[in-house]
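Reading through the structure tokens given below for one structure.
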Protein chains: 2
Amino acid sequence: VLATGAAGSTQPGQGAAFSLILGIGDDAAVVRAPDGRVVATSDMLIEGTHFRREWSAARDIGHKAAARNLADIAAMGALPTALLVCFAGPGETSVDWVLDLARGIAEECATAGAAVAGGDTSYAQAIMVSATALGDLAGRDPVTRSGARPGDVIAVAGSLGAAAAGLALLAAGPSAGPLPADVRAELIGAHRRPKPPYPAGAQAAALGATSMIDVSDGLVADLGHLAAASGVRMEVASRRLAAEPLCPVTSLRAAAEALGRTGWRDWPASGGDDHALAATFRRAVVLPERWAVIGEVTDGGGVVIDGSPWTAGTAEASGGWEHFRS
Amino acid sequence: VLATGAAGSTQPGQGAAFSLILGIGDDAAVVRAPDGRVVATSDMLIEGTHFRREWSAARDIGHKAAARNLADIAAMGALPTALLVCFAGPGETSVDWVLDLARGIAEECATAGAAVAGGDTSYAQAIMVSATALGDLAGRDPVTRSGARPGDVIAVAGSLGAAAAGLALLAAGPSAGPLPADVRAELIGAHRRPKPPYPAGAQAAALGATSMIDVSDGLVADLGHLAAASGVRMEVASRRLAAEPLCPVTSLRAAAEALGRTGWRDWPASGGDDHALAATFRRAVVLPERWAVIGEVTDGGGVVIDGSPWTAGTAEASGGWEHFRS
């Protein structure tokens, strides 16, 4: 007999084996939700739209499909508990390819502490992976997008810019100039397998983060979502954003040179897919080292970098902050 | 401030408004899980594989995408609480089509008592809807596939056969013979919008159902899943299976005649997509009227109808029970 999990009687964050009461093989899975609520999010990876099989191995795609969803759980301040995955692909997809995909999904879930709890497989002309992640708030309120207040600091955990640079290198193919192999591997690896800072989400919640978001559309776009939901302005300082270790400046500079780009600052500001976490905190909070402060919340609206309004993707075209430093 | 839902302090089954603590618009939703566990299941509907736009309207597809998942929650003995939906389609898909899809999803969720809690939209060459349903066990153990025991009775709630007949009519198109309009509408409607008996799932759990499954692969195939998981044989009596109101015999007979088929009994036995619930109960349980007893569990393995082994889809070809009565 499966015991009912009474709220408060269990410790969250005990890992996948703890989360899963009933796994794959029945009509549905049963996952522990210790505090009486469950955090849930879904999204898709579609061949041609989100990935190309010639640029990412099946295992990478599995990692990314899981990471995208698990990072959204962390961005609520929750601990990932489980992932359900739907896979569809052409009949000629090899079994090895699908097994590698499943291995990538399982590895990423293990990293995040979540169990693979179920899913579905089907036929489709293009490969499609959709996933739903579940998480536990461990008794805390969810950290939404709407709680940032003037006077808060803006901080980021994880890394910014490498995934976008890696994608640019893949897109350039042989037309890119020479680049040290380790730099190339670092940047392309960041595109193929983002590394969301999962534990930073619950950590931020415990520190009283006032708002938080998974950076997937690009930092400026996602700070824009916080600004809009909270009714505030986000003021970012470029010298803090474009700084190691948050941003791999040396590698990005080398990649920009190899690609013949005039600058590299667009990558940390507007590149998505690194899956960093951006959050706001009261100024008095002493932040752990993994949270890099990049600016502050003020009255107003939108996102500014070094005092100038900034729209993602236009840095080079508009003569924005890209031109002030290099 | 959003209060933590303490297990036991809340009443499940209070509907969608109760279930949803935080809805669409943030990185993830927060859904109440009153008893400290959450039931979760995912599956997909893909154009060309699961539906055709010329046979089903967007609203129907929305109903079906939701129903497939919500029925799996009911099949665990749980109350549906929330649904997350991922939609992908070609760029030329009209906004009206997508809004109708969303309307169908919302209507089906309302029927089941679940909230639409989130999702994702993207581009793909074919239309694809994947969904994840969540549910609450209300303090009871999940009803799995593995608890059927010799001596139990087999019972079905819902309806069997109409959806398969409706699909056959759509596939035949103008080549089908005349059929009363109301019969045609009944059968095609059952294919387009299955009506899972959602409350019967939690009812079965409360009655101590020993095993349960959502009938989606066809009754015999799905009873076969119960038989395999439980290590028992499922013995079905055709006179109980092929009987009103469980099976719309008169309508199926008329459709078979219109289609020039030699029989109609294959539809209730092997047609999927009606999303009835099949369950086993101890013989002493007094079943409510909505649960129609169709047979009994015995020692052995597999599924037999009127004492003969039966494989889904072979009734007409193999001279099975289809030939004994008509």
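Following the order of the structure tokens, chains are lettered A, B, ..., residues in each are numbered from 1, and ligands are numbered from 1.
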
Exercise: B:Gly177 partners within 8 Å, only C-alpha atoms, chain neighbours under 4 positions left out, as a list in words: Glu257, Ala258, Leu259 and Gly260 of chain B

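Distance criterion 6 Å to chain A, applied with only C-alpha atoms, yields Gly5, Ala6, Ala7, Asp27, Ala28, Ala29, Val30, Val31, Arg32, Ala33, Pro34, Gly36, Arg37, Val38, Val39, Ala40, Thr41, Ser42, Asp43, Asp72, Gly119 and Asp120 of chain B on chain B.
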
I need the strand (DSSP E) residues of stretch 47-198 of chain B per DSSP on the backbone, written as a ChimeraX atom specification. /B:79-89,115-123,128-136,153-157

Expected file contents, prior selection, N, CA, C and O atoms, as a short mmCIF file (atom, residue, chain, number, x, y, z; two decimals), in the first residue's frame:
data_model
loop_
_atom_site.label_atom_id
_atom_site.label_comp_id
_atom_site.auth_asym_id
_atom_site.auth_seq_id
_atom_site.Cartn_x
_atom_site.Cartn_y
_atom_site.Cartn_z
N LEU B 79 -8.95 13.00 -9.04
CA LEU B 79 -9.75 14.10 -9.54
C LEU B 79 -8.86 15.02 -10.36
O LEU B 79 -7.84 15.51 -9.85
N PRO B 80 -9.20 15.27 -11.63
CA PRO B 80 -8.37 16.18 -12.43
C PRO B 80 -8.34 17.56 -11.79
O PRO B 80 -9.37 18.08 -11.35
N THR B 81 -7.14 18.16 -11.73
CA THR B 81 -7.03 19.50 -11.15
C THR B 81 -6.55 20.54 -12.16
O THR B 81 -6.97 21.69 -12.11
N ALA B 82 -5.66 20.15 -13.08
CA ALA B 82 -5.07 21.15 -13.98
C ALA B 82 -4.57 20.51 -15.26
O ALA B 82 -4.30 19.31 -15.31
N LEU B 83 -4.47 21.33 -16.29
CA LEU B 83 -3.95 20.87 -17.58
C LEU B 83 -2.98 21.92 -18.11
O LEU B 83 -3.26 23.12 -18.07
N LEU B 84 -1.81 21.47 -18.57
CA LEU B 84 -0.86 22.34 -19.27
C LEU B 84 -0.82 21.88 -20.72
O LEU B 84 -0.81 20.67 -20.99
N VAL B 85 -0.78 22.82 -21.65
CA VAL B 85 -0.92 22.48 -23.06
C VAL B 85 0.20 23.12 -23.88
O VAL B 85 0.44 24.33 -23.77
N CYS B 86 0.86 22.33 -24.70
CA CYS B 86 1.80 22.86 -25.69
C CYS B 86 1.18 22.74 -27.06
O CYS B 86 0.71 21.66 -27.44
N PHE B 87 1.19 23.83 -27.81
CA PHE B 87 0.65 23.83 -29.16
C PHE B 87 1.73 24.25 -30.14
O PHE B 87 2.42 25.24 -29.93
N ALA B 88 1.87 23.49 -31.22
CA ALA B 88 2.76 23.91 -32.30
C ALA B 88 2.01 23.75 -33.61
O ALA B 88 1.22 22.81 -33.78
N GLY B 89 2.25 24.66 -34.53
CA GLY B 89 1.58 24.57 -35.82
C GLY B 89 2.28 25.42 -36.85
O GLY B 89 3.17 26.21 -36.52
N ALA B 115 -8.31 23.16 -14.14
CA ALA B 115 -7.94 24.49 -14.60
C ALA B 115 -6.92 24.39 -15.72
O ALA B 115 -6.06 23.50 -15.71
N VAL B 116 -6.99 25.29 -16.69
CA VAL B 116 -5.92 25.40 -17.68
C VAL B 116 -4.81 26.20 -17.00
O VAL B 116 -4.98 27.37 -16.67
N ALA B 117 -3.67 25.54 -16.79
CA ALA B 117 -2.66 26.11 -15.90
C ALA B 117 -1.44 26.65 -16.62
O ALA B 117 -0.60 27.31 -16.00
N GLY B 118 -1.31 26.38 -17.91
CA GLY B 118 -0.12 26.88 -18.57
C GLY B 118 0.10 26.21 -19.89
O GLY B 118 -0.74 25.45 -20.37
N GLY B 119 1.25 26.52 -20.50
CA GLY B 119 1.56 25.90 -21.77
C GLY B 119 2.59 26.68 -22.54
O GLY B 119 3.30 27.52 -21.99
N ASP B 120 2.63 26.41 -23.81
CA ASP B 120 3.68 26.92 -24.66
C ASP B 120 3.16 26.86 -26.09
O ASP B 120 2.35 26.01 -26.43
N THR B 121 3.58 27.81 -26.92
CA THR B 121 3.22 27.74 -28.33
C THR B 121 4.49 27.85 -29.16
O THR B 121 5.46 28.48 -28.75
N SER B 122 4.48 27.20 -30.31
CA SER B 122 5.67 27.19 -31.15
C SER B 122 5.29 26.89 -32.59
O SER B 122 4.12 26.68 -32.91
N TYR B 123 6.30 26.89 -33.45
CA TYR B 123 6.08 26.58 -34.85
C TYR B 123 6.45 25.14 -35.15
O TYR B 123 7.45 24.63 -34.64
N MET B 128 0.42 20.11 -33.73
CA MET B 128 0.71 19.18 -32.66
C MET B 128 0.24 19.79 -31.35
O MET B 128 0.50 20.96 -31.10
N VAL B 129 -0.49 19.03 -30.59
CA VAL B 129 -0.95 19.48 -29.28
C VAL B 129 -0.49 18.44 -28.27
O VAL B 129 -0.87 17.28 -28.35
N SER B 130 0.35 18.85 -27.36
CA SER B 130 0.70 17.92 -26.30
C SER B 130 0.20 18.51 -24.99
O SER B 130 0.16 19.73 -24.82
N ALA B 131 -0.23 17.66 -24.11
CA ALA B 131 -0.83 18.16 -22.87
C ALA B 131 -0.39 17.31 -21.70
O ALA B 131 -0.06 16.13 -21.85
N THR B 132 -0.36 17.94 -20.56
CA THR B 132 -0.09 17.25 -19.30
C THR B 132 -1.23 17.55 -18.35
O THR B 132 -1.58 18.72 -18.15
N ALA B 133 -1.82 16.50 -17.80
CA ALA B 133 -2.89 16.68 -16.82
C ALA B 133 -2.36 16.33 -15.44
O ALA B 133 -1.54 15.43 -15.28
N LEU B 134 -2.85 17.08 -14.46
CA LEU B 134 -2.52 16.82 -13.06
C LEU B 134 -3.81 16.47 -12.31
O LEU B 134 -4.90 16.89 -12.70
N GLY B 135 -3.65 15.71 -11.24
CA GLY B 135 -4.83 15.32 -10.49
C GLY B 135 -4.51 15.07 -9.03
O GLY B 135 -3.34 14.94 -8.65
N ASP B 136 -5.57 15.00 -8.25
CA ASP B 136 -5.45 14.82 -6.80
C ASP B 136 -6.14 13.53 -6.37
O ASP B 136 -7.26 13.24 -6.79
N VAL B 153 -14.92 -8.83 -10.31
CA VAL B 153 -15.72 -8.58 -11.51
C VAL B 153 -15.06 -7.48 -12.33
O VAL B 153 -14.32 -6.65 -11.80
N ILE B 154 -15.28 -7.53 -13.63
CA ILE B 154 -14.79 -6.50 -14.56
C ILE B 154 -15.98 -5.61 -14.90
O ILE B 154 -17.04 -6.11 -15.29
N ALA B 155 -15.80 -4.30 -14.77
CA ALA B 155 -16.89 -3.39 -15.08
C ALA B 155 -16.37 -2.20 -15.89
O ALA B 155 -15.19 -1.86 -15.82
N VAL B 156 -17.26 -1.62 -16.68
CA VAL B 156 -16.90 -0.49 -17.53
C VAL B 156 -17.86 0.67 -17.29
O VAL B 156 -19.08 0.45 -17.21
N ALA B 157 -17.30 1.87 -17.17
CA ALA B 157 -18.12 3.08 -17.11
C ALA B 157 -17.86 3.87 -18.38
O ALA B 157 -16.73 3.92 -18.86
#

Spatial neighbours of B:Ala102, 8 Å, only C-alpha atoms, chain gap at least 3 places, as a short mmCIF file (atom, residue, chain, number, x, y, z; two decimals) with N, CA and C atoms, in the first residue's frame:
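See out26.cif below for the written result:
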data_model
loop_
_atom_site.label_atom_id
_atom_site.label_comp_id
_atom_site.auth_asym_id
_atom_site.auth_seq_id
_atom_site.Cartn_x
_atom_site.Cartn_y
_atom_site.Cartn_z
N ARG B 59 -12.10 23.03 -32.40
CA ARG B 59 -12.69 22.90 -31.06
C ARG B 59 -12.77 21.43 -30.62
N GLY B 62 -9.35 20.32 -29.59
CA GLY B 62 -9.08 20.81 -28.24
C GLY B 62 -9.73 19.93 -27.18
N VAL B 98 -6.74 28.59 -33.76
CA VAL B 98 -6.07 28.38 -32.47
C VAL B 98 -6.98 28.77 -31.31
N LEU B 99 -7.76 29.84 -31.48
CA LEU B 99 -8.69 30.24 -30.42
C LEU B 99 -9.78 29.18 -30.22
N ILE B 105 -10.32 23.10 -25.46
CA ILE B 105 -9.54 22.67 -24.30
C ILE B 105 -10.17 23.18 -23.01
N ALA B 106 -10.52 24.46 -23.01
CA ALA B 106 -11.10 25.06 -21.80
C ALA B 106 -12.43 24.42 -21.45
#

Could you give me the residues within stretch 60-263 of chain A that DSSP places in helix (DSSP H, G or I), as JSON, numbers by chain? {"A": [60, 61, 62, 63, 64, 65, 66, 67, 68, 69, 70, 71, 72, 73, 74, 95, 96, 97, 98, 99, 100, 101, 102, 103, 104, 105, 106, 107, 108, 109, 110, 111, 112, 162, 163, 164, 165, 166, 167, 168, 169, 170, 171, 172, 173, 174, 175, 181, 182, 183, 184, 185, 186, 187, 188, 189, 190, 191, 192, 198, 199, 200, 201, 202, 203, 204, 205, 206, 219, 220, 221, 222, 223, 224, 225, 226, 227, 228, 229, 230, 238, 239, 240, 241, 249, 250, 251, 252, 253, 254, 255, 256, 257, 258, 259]}

A:Ala254 environment, 12 Å, only C-alpha atoms, sequence neighbours closer than 4 positions dropped, as number ranges by chain: A: 162, 165-166, 169, 176-184, 186-187, 248-250, 258-264, 326

The selected residues should be written to file as a CSV table (one decimal), in the first residue's frame (atoms: C-alpha atoms).
chain,number,residue,atom,x,y,z
A,162,ALA,CA,28.2,31.6,-24.3
A,165,ALA,CA,28.1,32.7,-29.3
A,166,GLY,CA,28.1,28.9,-29.7
A,169,LEU,CA,29.7,29.6,-34.5
A,176,ALA,CA,34.4,31.3,-39.1
A,177,GLY,CA,38.1,32.2,-38.6
A,178,PRO,CA,40.4,30.2,-36.4
A,179,LEU,CA,39.5,29.8,-32.7
A,180,PRO,CA,41.3,27.9,-30.0
A,181,ALA,CA,39.6,24.4,-29.8
A,182,ASP,CA,38.8,24.8,-26.1
A,183,VAL,CA,37.1,28.1,-26.6
A,184,ARG,CA,35.1,26.7,-29.5
A,186,GLU,CA,33.2,25.8,-24.4
A,187,LEU,CA,30.8,28.0,-26.4
A,248,PRO,CA,32.9,34.5,-20.4
A,249,VAL,CA,34.4,37.8,-21.8
A,250,THR,CA,37.7,36.4,-23.1
A,258,ALA,CA,36.8,34.7,-35.4
A,259,LEU,CA,33.3,35.6,-36.8
A,260,GLY,CA,34.4,39.0,-37.9
A,261,ARG,CA,31.8,40.7,-35.7
A,262,THR,CA,32.3,44.2,-34.5
A,263,GLY,CA,31.4,43.3,-30.9
A,264,TRP,CA,30.4,40.5,-28.6
A,326,SER,CA,35.3,46.7,-26.4

Find, counting only C-alpha atoms, the residue in B:Ala227, B:Ala205, B:Val232, B:Leu160 that gets nearest to B:Cys247.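 Comparing B:Ala227, B:Ala205, B:Val232, B:Leu160 against B:Cys247, the winner is B:Leu160.
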